[in-house]
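Have a look at my_file_16.csv; it's CSV, C-alpha atoms (C1' of nucleotides):
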chain,number,residue,atom,x,y,z
A,1,MET,CA,0.0,0.0,0.0
A,2,LYS,CA,1.0,3.6,-0.5
A,3,ILE,CA,2.1,5.8,2.3
A,4,SER,CA,-1.2,7.8,2.4
A,5,GLU,CA,-3.1,4.6,3.0
A,6,LEU,CA,-0.8,3.6,5.8
A,7,ALA,CA,-1.1,7.1,7.2
A,8,SER,CA,-4.9,6.8,7.1
A,9,LEU,CA,-4.9,3.3,8.7
A,10,THR,CA,-2.7,4.4,11.6
A,11,SER,CA,-3.6,8.1,12.0
A,12,ILE,CA,0.1,8.9,11.7
A,13,PRO,CA,0.9,11.6,9.1
A,14,SER,CA,2.9,10.6,6.0
A,15,LYS,CA,5.6,13.1,7.1
A,16,THR,CA,5.9,11.4,10.4
A,17,ILE,CA,6.1,8.0,8.9
A,18,ARG,CA,9.0,9.2,6.7
A,19,PHE,CA,10.6,10.7,9.7
A,20,TYR,CA,10.3,7.4,11.6
A,21,GLU,CA,11.9,5.6,8.7
A,22,ALA,CA,14.7,8.2,8.6
A,23,GLU,CA,15.2,7.7,12.4
A,24,GLY,CA,15.5,4.0,12.0
A,25,LEU,CA,12.2,3.0,13.6
A,26,LEU,CA,10.8,1.6,10.3
A,27,PRO,CA,12.6,-0.5,7.8
A,28,HIS,CA,13.0,0.9,4.3
A,29,PRO,CA,10.0,-0.4,2.4
A,30,LYS,CA,10.1,-1.7,-1.2
A,31,ARG,CA,9.4,0.9,-3.9
A,32,THR,CA,7.2,1.0,-7.0
A,33,GLN,CA,8.6,1.6,-10.4
A,34,ALA,CA,7.9,5.3,-9.9
A,35,GLY,CA,9.9,5.3,-6.6
A,36,TYR,CA,6.9,5.4,-4.3
A,37,ARG,CA,7.0,3.5,-1.1
A,38,ASP,CA,5.1,0.3,-1.1
A,39,TYR,CA,4.2,-1.0,2.3
A,40,GLU,CA,3.1,-4.5,3.5
A,41,GLY,CA,0.4,-5.0,6.1
A,42,ALA,CA,3.0,-5.5,8.8
A,43,ALA,CA,3.8,-1.9,8.7
A,44,VAL,CA,0.4,-1.1,10.2
A,45,GLU,CA,1.2,-3.2,13.3
A,46,ARG,CA,4.6,-1.8,13.7
A,47,LEU,CA,3.5,1.8,13.4
A,48,THR,CA,0.6,1.1,15.8
A,49,PHE,CA,3.1,-0.2,18.3
A,50,ILE,CA,5.3,2.9,17.9
A,51,LYS,CA,2.3,5.1,18.3
A,52,LYS,CA,1.2,3.5,21.5
A,53,ALA,CA,4.7,3.5,22.9
A,54,ARG,CA,5.0,7.2,22.1
A,55,ILE,CA,1.7,7.9,23.9
A,56,LEU,CA,3.1,6.0,26.9
A,57,GLY,CA,5.9,8.5,26.8
A,58,LEU,CA,8.7,6.3,25.6
A,59,PRO,CA,11.3,8.5,23.8
A,60,LEU,CA,11.9,7.4,20.2
A,61,LYS,CA,15.3,6.1,21.2
A,62,GLU,CA,13.7,3.7,23.7
A,63,VAL,CA,11.1,2.6,21.2
A,64,GLU,CA,13.9,1.8,18.8
A,65,GLY,CA,15.7,-0.2,21.4
A,66,VAL,CA,12.6,-2.3,22.0
A,67,LEU,CA,12.1,-2.8,18.3
A,68,GLN,CA,15.7,-3.9,18.0
A,69,LEU,CA,15.4,-6.4,20.8
A,70,HIS,CA,12.5,-7.8,18.9
A,71,GLU,CA,14.5,-8.1,15.7
A,72,ARG,CA,17.2,-9.9,17.5
A,73,GLN,CA,14.7,-12.4,18.9
A,74,GLN,CA,15.4,-11.2,22.4
A,75,PRO,CA,12.7,-10.9,25.0
A,76,THR,CA,11.1,-7.5,24.9
A,77,CYS,CA,8.5,-7.5,27.6
A,78,VAL,CA,11.0,-7.7,30.5
A,79,HIS,CA,12.5,-4.6,29.0
A,80,VAL,CA,9.2,-2.9,28.6
A,81,ARG,CA,8.2,-3.8,32.1
A,82,ALA,CA,11.1,-1.9,33.5
A,83,LEU,CA,10.2,1.1,31.3
A,84,LEU,CA,6.7,0.8,32.5
A,85,GLU,CA,7.7,0.9,36.2
A,86,ASP,CA,9.7,4.0,35.4
A,87,LYS,CA,6.9,5.7,33.6
A,88,LEU,CA,4.5,4.8,36.4
A,89,ALA,CA,6.8,6.4,38.9
A,90,GLN,CA,7.0,9.4,36.7
A,91,ALA,CA,3.3,9.6,36.3
A,92,GLU,CA,2.8,9.4,40.1
A,93,ARG,CA,5.2,12.3,40.5
A,94,ALA,CA,3.6,14.3,37.8
A,95,ILE,CA,0.2,13.8,39.4
A,96,GLN,CA,1.4,15.1,42.7
A,97,ASP,CA,3.2,18.0,41.1
A,98,LEU,CA,0.1,18.8,39.0
A,99,LEU,CA,-2.2,18.7,42.0
A,100,ALA,CA,0.0,21.1,44.0
A,101,PHE,CA,0.3,23.2,40.9
A,102,ARG,CA,-3.4,23.4,40.5
A,103,GLU,CA,-3.8,24.5,44.2
A,104,GLU,CA,-1.4,27.4,43.5
A,105,LEU,CA,-3.2,28.3,40.3
A,106,VAL,CA,-6.5,28.3,42.1
A,107,ARG,CA,-5.0,30.5,44.8
A,108,LEU,CA,-3.5,32.8,42.2
A,109,ARG,CA,-6.8,33.0,40.4
A,110,ASP,CA,-8.8,33.8,43.5
A,111,ARG,CA,-6.2,36.3,44.6
A,112,ALA,CA,-6.3,37.9,41.2
A,113,GLY,CA,-9.9,38.5,41.7
A,114,THR,CA,-9.4,40.7,44.7
A,115,LEU,CA,-6.2,42.3,43.5
A,116,ALA,CA,-6.8,45.7,42.0
A,117,ASP,CA,-5.5,45.7,38.5
A,118,CYS,CA,-2.0,46.8,38.8
A,119,CYS,CA,-1.4,50.1,37.1
A,120,PRO,CA,2.2,49.7,36.4
A,121,THR,CA,4.2,52.4,38.0
A,122,ARG,CA,7.7,51.8,39.0
A,123,GLY,CA,6.7,48.6,40.6
A,124,SER,CA,6.5,45.0,39.6
A,125,VAL,CA,5.3,43.8,36.2
A,126,CYS,CA,2.3,42.0,37.5
A,127,GLY,CA,1.5,41.4,41.2
A,128,ILE,CA,-0.2,38.1,40.5
A,129,ILE,CA,2.9,36.4,39.3
A,130,GLN,CA,5.4,38.4,41.3
A,131,GLU,CA,3.7,37.6,44.6
A,132,SER,CA,3.1,34.0,43.8
A,133,GLU,CA,4.8,31.3,45.9
A,134,ILE,CA,5.8,29.5,42.7
A,135,VAL,CA,9.2,28.2,43.1
A,136,GLN,CA,8.9,24.9,41.3
A,137,GLY,CA,6.6,23.7,38.6
A,138,VAL,CA,5.0,20.6,37.4
A,139,ASN,CA,7.9,18.7,36.0
A,140,ALA,CA,10.4,17.4,38.4
A,141,GLY,CA,13.0,19.9,37.2
A,142,GLY,CA,11.0,23.0,36.3
A,143,PRO,CA,12.4,25.3,33.7
A,144,HIS,CA,15.2,26.4,35.9
A,145,GLY,CA,17.3,24.8,38.6
B,1,MET,CA,26.9,43.1,38.8
B,2,LYS,CA,28.3,40.5,36.5
B,3,ILE,CA,26.3,37.9,34.8
B,4,SER,CA,27.5,35.1,37.0
B,5,GLU,CA,26.2,37.0,40.1
B,6,LEU,CA,22.9,37.6,38.5
B,7,ALA,CA,22.8,33.9,37.6
B,8,SER,CA,23.5,32.9,41.1
B,9,LEU,CA,20.9,35.3,42.6
B,10,THR,CA,18.2,34.0,40.3
B,11,SER,CA,19.2,30.4,39.7
B,12,ILE,CA,19.0,31.0,36.0
B,13,PRO,CA,22.1,30.0,34.1
B,14,SER,CA,24.2,32.6,32.4
B,15,LYS,CA,23.6,30.9,29.1
B,16,THR,CA,19.8,31.3,29.6
B,17,ILE,CA,20.1,34.9,30.6
B,18,ARG,CA,22.0,35.7,27.4
B,19,PHE,CA,19.3,33.7,25.6
B,20,TYR,CA,16.6,35.8,27.1
B,21,GLU,CA,18.3,39.0,26.2
B,22,ALA,CA,18.7,37.7,22.6
B,23,GLU,CA,14.9,36.9,22.6
B,24,GLY,CA,14.1,40.4,23.8
B,25,LEU,CA,12.9,39.5,27.3
B,26,LEU,CA,15.7,41.4,28.9
B,27,PRO,CA,17.0,44.9,27.9
B,28,HIS,CA,20.6,45.0,26.8
B,29,PRO,CA,22.6,46.0,29.9
B,30,LYS,CA,25.4,48.4,30.1
B,31,ARG,CA,28.9,47.0,29.5
B,32,THR,CA,32.2,47.3,31.4
B,33,GLN,CA,35.3,48.6,29.6
B,34,ALA,CA,36.1,44.9,28.9
B,35,GLY,CA,32.8,44.4,27.3
B,36,TYR,CA,31.3,42.4,30.2
B,37,ARG,CA,27.6,42.9,30.9
B,38,ASP,CA,27.0,45.0,33.9
B,39,TYR,CA,23.5,44.5,35.5
B,40,GLU,CA,21.5,46.7,37.8
B,41,GLY,CA,19.5,45.2,40.7
B,42,ALA,CA,16.3,45.5,38.7
B,43,ALA,CA,17.4,42.7,36.5
B,44,VAL,CA,17.0,40.3,39.4
B,45,GLU,CA,13.3,41.2,39.7
B,46,ARG,CA,12.7,41.0,36.0
B,47,LEU,CA,14.4,37.6,35.7
B,48,THR,CA,12.5,36.3,38.8
B,49,PHE,CA,9.3,37.4,37.1
B,50,ILE,CA,10.3,35.6,33.9
B,51,LYS,CA,11.2,32.5,35.9
B,52,LYS,CA,7.9,32.3,37.7
B,53,ALA,CA,6.0,33.0,34.5
B,54,ARG,CA,7.8,30.1,32.8
B,55,ILE,CA,7.1,27.8,35.7
B,56,LEU,CA,3.4,28.8,35.3
B,57,GLY,CA,3.7,27.5,31.8
B,58,LEU,CA,3.6,30.8,29.9
B,59,PRO,CA,5.5,30.5,26.7
B,60,LEU,CA,8.3,33.0,26.3
B,61,LYS,CA,6.3,34.9,23.7
B,62,GLU,CA,3.5,35.4,26.2
B,63,VAL,CA,5.9,36.5,28.9
B,64,GLU,CA,7.4,39.0,26.5
B,65,GLY,CA,3.9,40.3,25.7
B,66,VAL,CA,3.2,40.9,29.4
B,67,LEU,CA,6.6,42.6,29.9
B,68,GLN,CA,5.8,44.9,26.9
B,69,LEU,CA,2.5,45.8,28.3
B,70,HIS,CA,4.4,46.8,31.5
B,71,GLU,CA,6.8,48.9,29.5
B,72,ARG,CA,3.9,50.7,27.8
B,73,GLN,CA,2.4,51.5,31.2
B,74,GLN,CA,-0.6,49.3,30.3
B,75,PRO,CA,-2.4,47.1,32.8
B,76,THR,CA,-0.9,43.7,32.9
B,77,CYS,CA,-2.9,41.8,35.5
B,78,VAL,CA,-6.0,41.6,33.5
B,79,HIS,CA,-4.0,40.0,30.8
B,80,VAL,CA,-2.3,37.6,33.2
B,81,ARG,CA,-5.7,36.8,34.7
B,82,ALA,CA,-6.9,35.6,31.4
B,83,LEU,CA,-3.8,33.6,30.9
B,84,LEU,CA,-4.2,32.1,34.3
B,85,GLU,CA,-7.7,31.0,33.6
B,86,ASP,CA,-6.4,29.3,30.5
B,87,LYS,CA,-3.6,27.6,32.4
B,88,LEU,CA,-6.0,26.5,35.1
B,89,ALA,CA,-8.3,24.9,32.5
B,90,GLN,CA,-5.3,23.2,31.0
B,91,ALA,CA,-4.1,22.0,34.4
B,92,GLU,CA,-7.5,20.5,35.1
B,93,ARG,CA,-7.5,18.7,31.8
B,94,ALA,CA,-4.0,17.5,32.3
B,95,ILE,CA,-4.9,16.1,35.8
B,96,GLN,CA,-7.8,14.2,34.3
B,97,ASP,CA,-5.7,12.8,31.5
B,98,LEU,CA,-2.9,11.9,33.9
B,99,LEU,CA,-5.3,10.1,36.3
B,100,ALA,CA,-6.7,8.1,33.5
B,101,PHE,CA,-3.2,7.5,32.2
B,102,ARG,CA,-2.1,6.2,35.5
B,103,GLU,CA,-5.0,3.8,35.6
B,104,GLU,CA,-3.9,2.4,32.3
B,105,LEU,CA,-0.3,2.2,33.4
B,106,VAL,CA,-1.3,0.3,36.6
B,107,ARG,CA,-3.4,-2.0,34.5
B,108,LEU,CA,-0.5,-2.6,32.1
B,109,ARG,CA,1.9,-3.1,35.0
B,110,ASP,CA,-0.3,-5.6,36.7
B,111,ARG,CA,-1.0,-7.3,33.4
B,112,ALA,CA,2.7,-7.5,32.6
B,113,GLY,CA,3.2,-9.4,35.8
B,114,THR,CA,1.0,-12.3,34.6
B,115,LEU,CA,2.0,-12.1,31.0
B,116,ALA,CA,4.6,-14.7,30.2
B,117,ASP,CA,7.6,-12.9,28.8
B,118,CYS,CA,7.0,-12.9,25.1
B,119,CYS,CA,9.5,-14.9,23.2
B,120,PRO,CA,9.3,-13.0,20.0
B,121,THR,CA,8.4,-15.3,17.3
B,122,ARG,CA,6.6,-13.9,14.3
B,123,GLY,CA,4.2,-12.1,16.6
B,124,SER,CA,3.9,-8.7,18.1
B,125,VAL,CA,6.9,-6.8,19.4
B,126,CYS,CA,5.6,-6.7,22.9
B,127,GLY,CA,2.3,-7.9,24.1
B,128,ILE,CA,2.2,-5.4,27.0
B,129,ILE,CA,2.1,-2.4,24.7
B,130,GLN,CA,0.4,-4.0,21.7
B,131,GLU,CA,-2.6,-5.1,23.7
B,132,SER,CA,-3.0,-1.9,25.7
B,133,GLU,CA,-6.1,0.1,25.3
B,134,ILE,CA,-3.9,3.2,24.9
B,135,VAL,CA,-5.4,5.4,22.3
B,136,GLN,CA,-4.8,8.8,23.7
B,137,GLY,CA,-2.3,10.0,26.2
B,138,VAL,CA,-1.8,12.7,28.7
B,139,ASN,CA,-1.7,15.8,26.6
B,140,ALA,CA,-4.9,16.9,25.1
B,141,GLY,CA,-3.5,16.1,21.6
B,142,GLY,CA,-1.2,13.1,22.2
B,143,PRO,CA,1.7,12.5,19.9
B,144,HIS,CA,-0.6,11.7,17.0
B,145,GLY,CA,-4.1,12.7,15.9
C,1,DT,C1',56.1,40.3,36.8
C,2,DC,C1',54.3,36.0,35.3
C,3,DT,C1',51.0,32.2,35.6
C,4,DT,C1',46.9,30.0,35.8
C,5,DG,C1',42.3,29.2,36.6
C,6,DA,C1',37.9,31.2,36.5
C,7,DC,C1',35.5,34.2,34.4
C,8,DC,C1',33.8,36.9,30.2
C,9,DT,C1',32.5,37.5,25.0
C,10,DT,C1',30.2,36.0,20.3
C,11,DC,C1',29.1,32.5,17.1
C,12,DC,C1',27.4,28.2,15.8
C,13,DA,C1',25.1,24.2,16.3
C,14,DG,C1',22.8,20.5,18.7
C,15,DT,C1',18.8,18.4,21.5
C,16,DT,C1',13.7,16.1,20.7
C,17,DG,C1',9.9,15.2,17.8
C,18,DC,C1',8.0,16.6,14.6
C,19,DT,C1',6.1,19.6,10.4
C,20,DG,C1',6.0,22.9,6.6
C,21,DG,C1',7.6,24.3,2.1
C,22,DA,C1',10.4,24.2,-2.2
C,23,DA,C1',11.3,21.8,-6.3
C,24,DG,C1',10.2,18.4,-9.1
C,25,DG,C1',8.0,13.8,-10.6
C,26,DT,C1',3.7,10.4,-11.1
C,27,DC,C1',-1.0,9.0,-11.4
C,28,DT,C1',-5.8,9.1,-12.8
C,29,DA,C1',-10.3,10.8,-13.8
C,30,DA,C1',-12.5,14.1,-16.7
D,1,DT,C1',-4.5,16.9,-22.7
D,2,DT,C1',-5.3,18.9,-18.1
D,3,DA,C1',-5.5,19.5,-13.4
D,4,DG,C1',-5.6,18.1,-9.0
D,5,DA,C1',-4.0,14.9,-5.8
D,6,DC,C1',-0.6,12.3,-4.8
D,7,DC,C1',4.5,11.0,-4.6
D,8,DT,C1',9.7,12.0,-3.9
D,9,DT,C1',14.0,14.3,-1.4
D,10,DC,C1',16.0,18.1,0.7
D,11,DC,C1',16.1,21.8,3.8
D,12,DA,C1',14.8,24.4,7.5
D,13,DG,C1',11.9,25.9,11.1
D,14,DC,C1',9.5,25.5,15.8
D,15,DA,C1',10.2,25.9,21.3
D,16,DA,C1',13.4,26.5,25.0
D,17,DC,C1',17.1,26.1,25.9
D,18,DT,C1',22.4,24.4,26.2
D,19,DG,C1',27.1,22.9,24.9
D,20,DG,C1',31.4,23.9,22.6
D,21,DA,C1',34.8,26.5,19.9
D,22,DA,C1',37.6,30.4,19.7
D,23,DG,C1',39.3,34.1,21.8
D,24,DG,C1',39.6,38.0,25.5
D,25,DT,C1',39.9,39.6,30.7
D,26,DC,C1',40.6,39.5,35.6
D,27,DA,C1',42.8,38.7,39.9
D,28,DA,C1',45.1,35.9,43.3
D,29,DG,C1',49.3,33.6,44.1
D,30,DA,C1',54.0,32.5,43.2
Show this structure as structure tokens.
Amino acid sequence: MKISELASLTSIPSKTIRFYEAEGLLPHPKRTQAGYRDYEGAAVERLTFIKKARILGLPLKEVEGVLQLHERQQPTCVHVRALLEDKLAQAERAIQDLLAFREELVRLRDRAGTLADCCPTRGSVCGIIQESEIVQGVNAGGPHG
Amino acid sequence: MKISELASLTSIPSKTIRFYEAEGLLPHPKRTQAGYRDYEGAAVERLTFIKKARILGLPLKEVEGVLQLHERQQPTCVHVRALLEDKLAQAERAIQDLLAFREELVRLRDRAGTLADCCPTRGSVCGIIQESEIVQGVNAGGPHG
DNA sequence: TCTTGACCTTCCAGTTGCTGGAAGGTCTAA
DNA sequence: TTAGACCTTCCAGCAACTGGAAGGTCAAGA
């Protein structure tokens, strides 16, 4: 099948499919006389796997690693299990961070309602942000140290 | 003060401070005879604002917009309030997504415990991911449509 | 005074995961 | 034949940094 059909079947854009091939996640498919890519049905499965792994937050490099284990007839699930544990721990952390973050946003939002709109004088840019207790954000690292 | 002192006071790396200046978020500071940047104390406040705004998830472009409102003596908080409402809605969505995502991860993790480790034959790459119900991830969009 | 290490500068390019556009070729229904 | 929809490769851009190269400056210690 042509790339557009594969894109349609997997909901992954043609551009992205070509990108994945260039990154080594997909084998180079056969070509038609005209040079068009000609995919087998197995490509649907492979791309669906990649898509799900991406949704799970596995970086492309890790996805590639798992796919290579598969190609070398090595067990993959034990590998994926470890990745999963890692992702689960990350998700737990992210949830905690996000809940705390939401508290602060609610606080800021409520505070902003009572704050007179700052007429900027020589003072702070915006009292809402300036006075916030925000030190660390959602991701474990935050934008800055 | 030198850039390293400013970096230390704000916990923002020198590289990033120079980046922000290049992006227009910071005014060009005076220079010493040697060409070194020489900052006033106000730079600490401005950078702290930028840092907090980043943590709140405001893209640099939006931060710049708020700073420009400030420079034009226009009210900023009404602007920030709208941004805040937006961010709060996003955070609520992210929380819901993340909670659902965690459910799925837990399910996958538990399922993985009972799944015999797949000896890759001609079958799927990894049963854990392949059989998952994952269609959409944490962010509203997910990696693919 | 000289040395050396820590700082400073600008410029360039890289990271990750895409995604758009240019330039040019192919296919097919009307 | 025509025109629109597809295909190809190549290049570069996005966001928000961040590292390294190449070269200059500063100051404490020998």
Using only C-alpha atoms (C1' of nucleotides), the shortest atom-to-atom distance to Arg54 (chain A) among C:DA29, C:DA22, C:DG17, C:DC2 belongs to C:DG17
**Study point:** Distance query 12 Å from (35.5, 28.4, 18.8) using only C-alpha atoms (C1' of nucleotides), result as an MDAnalysis selection string
**Key:** (chainID C and resid 9:13) or (chainID D and resid 19:23)
Under the rule of at most 12 Å, produce a per-residue listing of chain A near chain C: chain, number, name, the closest pair of atoms, and the distance in Å, as a tab-separated table, using all atoms listed in the file.
residue	atom	partner	partner_atom	distance
A:Ile12	CA	C:DC18	C1'	11.4
A:Pro13	CA	C:DT19	C1'	9.6
A:Ser14	CA	C:DT19	C1'	10.5
A:Lys15	CA	C:DT19	C1'	7.3
A:Thr16	CA	C:DC18	C1'	7.0
A:Ile17	CA	C:DC18	C1'	10.5
A:Arg18	CA	C:DC18	C1'	10.9
A:Phe19	CA	C:DC18	C1'	8.1
A:Tyr20	CA	C:DC18	C1'	9.9
A:Glu23	CA	C:DG17	C1'	10.7
A:Thr32	CA	C:DT26	C1'	10.8
A:Gln33	CA	C:DT26	C1'	10.1
A:Ala34	CA	C:DT26	C1'	6.7
A:Gly35	CA	C:DT26	C1'	9.2
A:Tyr36	CA	C:DT26	C1'	9.0
A:Arg54	CA	C:DG17	C1'	10.3
A:Gly57	CA	C:DG17	C1'	11.9
A:Leu58	CA	C:DG17	C1'	11.9
A:Pro59	CA	C:DT16	C1'	8.6
A:Leu60	CA	C:DG17	C1'	8.4
A:Lys61	CA	C:DT16	C1'	10.1
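Between CA of Phe101 (chain A) and CA of Glu62 (chain B) lies a distance of 19.4 Å.
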What are the closest atom pairs, with distances in Å to one decimal, for all residues of chain D lying within 8 Å of chain B? Consider all atoms listed in the file, order rows by chain and residue number, and present the result as a tab-separated table.
residue	atom	partner	partner_atom	distance
D:DC17	C1'	B:Thr16	CA	6.9
D:DT18	C1'	B:Lys15	CA	7.2
D:DT25	C1'	B:Ala34	CA	6.8
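A straight line drawn from CA of Thr48 (chain A) to CA of Ile95 (chain A) is 26.8 Å long.
Between CA of Arg46 (chain A) and CA of Thr10 (chain A) there is a distance of 9.8 Å.
Proximity to chain B was assessed for A:Asp38, A:Ala89, A:Ser11, A:Asp110 counting all atoms listed in the file; the smallest distance is recorded for A:Ser11.
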Using only C-alpha atoms (C1' of nucleotides), determine which residues lie at most 10 Å from Glu85 (chain B), disregarding the query and same-chain residues fewer than 6 positions distant; provide the list as a PyMOL selection string.
(chain A and resi 105-106+108-109) or (chain B and resi 91)
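For the set B:Lys2, B:Arg72, B:Tyr39, B:His28, the residue with the smallest atom-to-atom gap to chain A is B:Arg72, counting all atoms listed in the file.
Minimum atom-to-atom distances from B:Met1, B:Leu25, B:Leu56, B:Leu83 to chain A were compared using all atoms listed in the file, and the lowest value belongs to B:Leu56.
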Could you add whatever atoms are missing so that region 62-87 of chain B carries N, CA and C atoms, then write the result as a PDB file, in the frame of the given file?
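After the write, result33.pdb holds the following:
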ATOM      1  N   GLU B  62       4.530  34.839  25.326  1.00  0.00           N
ATOM      2  CA  GLU B  62       3.500  35.400  26.200  1.00  0.00           C
ATOM      3  C   GLU B  62       4.144  36.255  27.299  1.00  0.00           C
ATOM      4  N   VAL B  63       5.225  35.742  27.840  1.00  0.00           N
ATOM      5  CA  VAL B  63       5.900  36.500  28.900  1.00  0.00           C
ATOM      6  C   VAL B  63       6.412  37.810  28.333  1.00  0.00           C
ATOM      7  N   GLU B  64       6.927  37.758  27.138  1.00  0.00           N
ATOM      8  CA  GLU B  64       7.400  39.000  26.500  1.00  0.00           C
ATOM      9  C   GLU B  64       6.252  39.968  26.313  1.00  0.00           C
ATOM     10  N   GLY B  65       5.098  39.430  25.926  1.00  0.00           N
ATOM     11  CA  GLY B  65       3.900  40.300  25.700  1.00  0.00           C
ATOM     12  C   GLY B  65       3.556  41.014  27.006  1.00  0.00           C
ATOM     13  N   VAL B  66       3.579  40.291  28.118  1.00  0.00           N
ATOM     14  CA  VAL B  66       3.200  40.900  29.400  1.00  0.00           C
ATOM     15  C   VAL B  66       4.260  41.974  29.776  1.00  0.00           C
ATOM     16  N   LEU B  67       5.529  41.656  29.537  1.00  0.00           N
ATOM     17  CA  LEU B  67       6.600  42.600  29.900  1.00  0.00           C
ATOM     18  C   LEU B  67       6.450  43.885  29.009  1.00  0.00           C
ATOM     19  N   GLN B  68       6.011  43.725  27.787  1.00  0.00           N
ATOM     20  CA  GLN B  68       5.800  44.900  26.900  1.00  0.00           C
ATOM     21  C   GLN B  68       4.654  45.737  27.342  1.00  0.00           C
ATOM     22  N   LEU B  69       3.598  45.084  27.783  1.00  0.00           N
ATOM     23  CA  LEU B  69       2.500  45.800  28.300  1.00  0.00           C
ATOM     24  C   LEU B  69       2.967  46.696  29.497  1.00  0.00           C
ATOM     25  N   HIS B  70       3.806  46.103  30.318  1.00  0.00           N
ATOM     26  CA  HIS B  70       4.400  46.800  31.500  1.00  0.00           C
ATOM     27  C   HIS B  70       5.151  48.024  31.021  1.00  0.00           C
ATOM     28  N   GLU B  71       5.935  47.826  29.980  1.00  0.00           N
ATOM     29  CA  GLU B  71       6.800  48.900  29.500  1.00  0.00           C
ATOM     30  C   GLU B  71       5.961  50.042  28.908  1.00  0.00           C
ATOM     31  N   ARG B  72       4.804  49.683  28.384  1.00  0.00           N
ATOM     32  CA  ARG B  72       3.900  50.700  27.800  1.00  0.00           C
ATOM     33  C   ARG B  72       2.962  51.262  28.823  1.00  0.00           C
ATOM     34  N   GLN B  73       3.216  50.989  30.078  1.00  0.00           N
ATOM     35  CA  GLN B  73       2.400  51.500  31.200  1.00  0.00           C
ATOM     36  C   GLN B  73       0.930  51.026  30.995  1.00  0.00           C
ATOM     37  N   GLN B  74       0.757  49.836  30.452  1.00  0.00           N
ATOM     38  CA  GLN B  74      -0.600  49.300  30.300  1.00  0.00           C
ATOM     39  C   GLN B  74      -0.863  48.266  31.378  1.00  0.00           C
ATOM     40  N   PRO B  75      -2.095  48.109  31.748  1.00  0.00           N
ATOM     41  CA  PRO B  75      -2.400  47.100  32.800  1.00  0.00           C
ATOM     42  C   PRO B  75      -1.950  45.722  32.345  1.00  0.00           C
ATOM     43  N   THR B  76      -1.370  45.028  33.283  1.00  0.00           N
ATOM     44  CA  THR B  76      -0.900  43.700  32.900  1.00  0.00           C
ATOM     45  C   THR B  76      -1.694  42.590  33.594  1.00  0.00           C
ATOM     46  N   CYS B  77      -2.231  42.897  34.777  1.00  0.00           N
ATOM     47  CA  CYS B  77      -2.900  41.800  35.500  1.00  0.00           C
ATOM     48  C   CYS B  77      -4.109  41.267  34.849  1.00  0.00           C
ATOM     49  N   VAL B  78      -4.838  42.122  34.174  1.00  0.00           N
ATOM     50  CA  VAL B  78      -6.000  41.600  33.500  1.00  0.00           C
ATOM     51  C   VAL B  78      -5.628  40.637  32.416  1.00  0.00           C
ATOM     52  N   HIS B  79      -4.505  40.930  31.808  1.00  0.00           N
ATOM     53  CA  HIS B  79      -4.000  40.000  30.800  1.00  0.00           C
ATOM     54  C   HIS B  79      -3.531  38.719  31.423  1.00  0.00           C
ATOM     55  N   VAL B  80      -2.795  38.842  32.513  1.00  0.00           N
ATOM     56  CA  VAL B  80      -2.300  37.600  33.200  1.00  0.00           C
ATOM     57  C   VAL B  80      -3.466  36.825  33.746  1.00  0.00           C
ATOM     58  N   ARG B  81      -4.524  37.517  34.192  1.00  0.00           N
ATOM     59  CA  ARG B  81      -5.700  36.800  34.700  1.00  0.00           C
ATOM     60  C   ARG B  81      -6.278  35.878  33.660  1.00  0.00           C
ATOM     61  N   ALA B  82      -6.380  36.409  32.449  1.00  0.00           N
ATOM     62  CA  ALA B  82      -6.900  35.600  31.400  1.00  0.00           C
ATOM     63  C   ALA B  82      -6.010  34.407  31.080  1.00  0.00           C
ATOM     64  N   LEU B  83      -4.708  34.668  31.081  1.00  0.00           N
ATOM     65  CA  LEU B  83      -3.800  33.600  30.900  1.00  0.00           C
ATOM     66  C   LEU B  83      -3.885  32.543  31.977  1.00  0.00           C
ATOM     67  N   LEU B  84      -4.066  33.032  33.191  1.00  0.00           N
ATOM     68  CA  LEU B  84      -4.200  32.100  34.300  1.00  0.00           C
ATOM     69  C   LEU B  84      -5.401  31.201  34.200  1.00  0.00           C
ATOM     70  N   GLU B  85      -6.524  31.802  33.798  1.00  0.00           N
ATOM     71  CA  GLU B  85      -7.700  31.000  33.600  1.00  0.00           C
ATOM     72  C   GLU B  85      -7.475  29.887  32.594  1.00  0.00           C
ATOM     73  N   ASP B  86      -6.778  30.293  31.546  1.00  0.00           N
ATOM     74  CA  ASP B  86      -6.400  29.300  30.500  1.00  0.00           C
ATOM     75  C   ASP B  86      -5.568  28.218  31.056  1.00  0.00           C
ATOM     76  N   LYS B  87      -4.533  28.624  31.807  1.00  0.00           N
ATOM     77  CA  LYS B  87      -3.600  27.600  32.400  1.00  0.00           C
ATOM     78  C   LYS B  87      -4.329  26.713  33.341  1.00  0.00           C
TER      79      LYS B  87
END
